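J.: Pasting in a structure now, in structure tokens, and then I'll have a few things to ask.
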Amino acid sequence: MNFDTSLALFQHLLEVDEQHMLENLSTFIDENHDFYHDVIALICAHHENMKQTKFKVLIGKQADQLVEDSFIHELVGQQVGVYKLVKKLGQGGMGAVYLGERNDGQLEQKVAIKFVYPSISLLAGKNFLQSEAQYLANLEHVYIARLYTLGALEQELQYMVMEYVDGVAIDQYCITEKLDAKTRLTLFLKVCRAVQFAHKNMVIHADIKPSNILVDQHQEPKLMDFGIANSFHESQCIEENNSNLAKGNIVAASREFASPEQIEGKKLTTASDIFSLGMLLKRLGINNEEVTRISNRCCRQNIEERYDSVELLMLDIQNHQANYPLQEDSNSTWIKVKKSLQRNVVFVGIAVLFIGVVAAFSTNVYFKSQKLETSLAKQKAVAEFMISIFQYANVTRKSKIGKYTVEEMLTDISHRAKTELEQYPEARLAVLYEMAKSYQAGKNFQRSKVILDDIESIYDFDQGNIDLGINFYVTKAYVADKLGEPQQAQLAYERVDELALKLGNYPSEPEQRALAAAAVSKSYFLYKQGKHDLVKLTILQALNQYQHVISLTKKSSMHNTLGVVFARENDFANALIHLEKSIALLAEKYGSNRHASVLQKRLNLIETYILAKEYKRAETGLDTLIQDIKVEYGVNSPIENESWVSLARVYRLQGNCSKAATIVASATNVLLEQNDKTDGILALMEQAKIEACTKQVALSKQIFSRAINIAQQQFGKDSYKHLVAQYRFYNFQKEHLGVINKNLLADVHALSMGKYAKRKLTQNIIKEYQVVINSDKNLQIQSGF
Amino acid sequence: MEYSCHSLKSGAPANFTQILNCWVVQNDLNSANQLRSIIYYHLKGIVKKQITNKSSSNTLLEQLPNTTSLLHEVLVQLSPPKEIFDNREQFFTSLASFVRWVLLDDLKAKSAKKRTANSESLIDFISLPDELEPYINFDNALSKLANIAPRSYQVALLHYFLGYDIDNISAELTIKKSTVYNELSVAKAYLRTQC
């Protein structure tokens, strides 16, 4: 569309979406355009007008009454429905909030009643409060103040009846109640839970600050005041119009908790709320280095460097509380992009979703795929497609907000990409492929597969870029594998091999990288298939050929896989070489062998020493490891206790069972307190063996039963953990009680023949079963004669 | 309906609409003076308390619709008969133009201190800044707006000089409220950038 005057363009922007004129402007003209600054000035003037209009326009009608501006502020004593307004609780740019008490003799009830300036209702439309209410109605959560009802006093005086929270602002509360750091964090976690809930319901709070979080008499926080998300759009005008300092100050009042993008008036995302949560966490005055690290990560300027979701923020708080290490900041932009897509798939608001997807798309389309960069036509196609998504976003936001799930919209986008980008196959491929990967990252493999199949049906990878084709089939194989379709995965890897054959003797760097990624992915697949020789071959070949394009972390993980494979085959000499190499590479990457991810690998290495019966090496290794863990994590972390259990095992295996018994019990108890019971179950079984070794057979039996029970409860009757626990119990009974529990063995055998048929343990079980049951049969046959 | 503007001079009780028509159609100064008188006396009758904008921070743009809204009350009693004007739209536009003209005229007169004791001034009822310049700027901006966005201008005219709000304008001009809102916003934004 073309506009010959700034006023005409402004009028159009106003018509399309009043709240987002600044953003939408850039879809028409850029800042070099003749009247760009004129339009900006008009938009800013409009925002200014909106602020000042108030309801003078309205009261102008009744000149003889000469109503004061503050009429809405003087409603105490008024009756609103069944409530009498008792006092004013506060006021803001949109209106005022009163305390209402029910006085119809039915109930004693206090509520907060929010009035909106009639002029605002008039100008923003009568549905203004309704749309806010629509969001709030979905937000039924213990830590969110509830919305009861909506009404209107006179024609234009709308109000909202909400849960009244008799409480103190959270920061004040922490000070007056002299809360300790632990309680403050617990309170903060509850706020996070409320925000997380809102995000899941596609609502961004946009104004998280202490005065919006009251702590009530039950010490529970309540999040209030949703729906002011648009009030920041004026802020860009302040920068344009520096002369008016007073206006700047008004906005500055809430700026402390607002994210940079919010202050810049950009579209809000869940990341803006995460920023504000970080500011809030800082305000709670918890003097702890790790907590500061968490809040700093929330408050990064760059959205991608913040926590991807409130869940992850909560996870780190919980990690901190449980003495776990914090999650790693990832250095790879690619992973960040993927994560942001993942975030978008899972929880964001509709507007946010589109921005996020578009941002991620453009990152990938324009920067990742060099081939696409070369073609202007393709860029244009993608750009147009993105614009159409924006239009779509506008339409849905106006008419159907809340009815579409993000899933549905992504489905729709993929459909539109398929049909509308038909003339631009490369762009269509890029968009669809990114969709598929974003689903994959969001662990929705079924949808990912559908799109991947679509791509395959419309795109001939034999004619295109080979590296792209390889990457595509690796993704396809990965998704198939995750869906439990190994044959499909196998076929996809065969396609990778076919494509690889087309490469010349000297593949380009992207091609090498694709081949290396394929090798890594394929080796995991083969490992799961139990094809150990092929795993070794694949990894060794890749390490040999593509050394300089493989990252340290990938190399480390390849050596790790090799080590595990060799250990499986009882080739401990080779296993140890690769595991040590893997640790060395990781230590090189992180600059220390005390880094969190190195410590876990070191423990795995020691387990392999134990398997290799190198007990002395294991013992010295564990001694230094435990020292290092204490330095890194402080005392009594889960990994420290895991190490104690290993040490106990080393003692037992060397015959020193009484020494083992002194350390195993307390470590086991700590591990059982964790949410994930895997380590706890393993520790229990170790404890049982140690007790058996110290001749405490009854106790040992009891402990085994407990391990089996927990495994069954936590992971299910059919779980591998349950199988292992049962089989070990069978062995224990045989060894220490002289009992051959045939029923248990039969159960274990039946379970192991199912989905665990390829496991090494299954082979042992089968052997045992054949020995026991066949000898049984022989006996029966003999006795029969 | 046929009538003569000269007959108005006779001093017989005049039909307001007829007078307005004379002013609009024939640019008759005599009828203008009569209109001014009529409006003045109506204002005097209606206004018990004086309208003042206590807060000095308010800009001219904000004050106008409130102050001129007094004229809206006048109009309630001077409602237009349909037969004289082709449509109500023209009537209201004309009346608003008249008020615009009177205000400018009165302000100029006041500033030149040419005002005589017995001439009635609308600005006695309307609190406008004593300085002439801001208002002249506003008026000039309105003229520019009339050229580049006629419909916005028309809506602004009714809003600023008759004190009409969106509902009124929508009803009188029979256009959609959203359109009125849009046109008025355009006018206001434009005027703010110009003043």
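Chain labels A, B, ... are given in the sequence in which chains occur in the structure tokens; within each chain residues are numbered consecutively from 1, and ligands are likewise numbered from 1 in the order shown.
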Assign secondary structure with DSSP using the backbone only, and return the residues of segment 584-694 of chain A in helix (DSSP H, G or I) as a ChimeraX atom specification.

T.: /A:584-590,596-611,615-633,638-653,657-672,678-693

J.: Write out as a PyMOL selection string each polymer residue whose atoms come within 12 Å of Asp679 of chain A, counting only C-alpha atoms; drop sequence neighbours fewer than 5 positions from it.

T.: chain A and resi 638-646+667-674+684-686+707+710-711+721

J.: What does the distance from atom CA of Glu580 of chain A to atom CA of Arg617 of chain A come to in Å, to one decimal?

T.: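 Going from atom CA of Glu580 of chain A over to atom CA of Arg617 of chain A, I get 13.2 Å.
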
J.: Atom CA of Asn560 of chain A and atom CA of Leu579 of chain A are how many Å apart?

T.: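 Value for the atom CA of Asn560 of chain A-atom CA of Leu579 of chain A distance: 5.3 Å.
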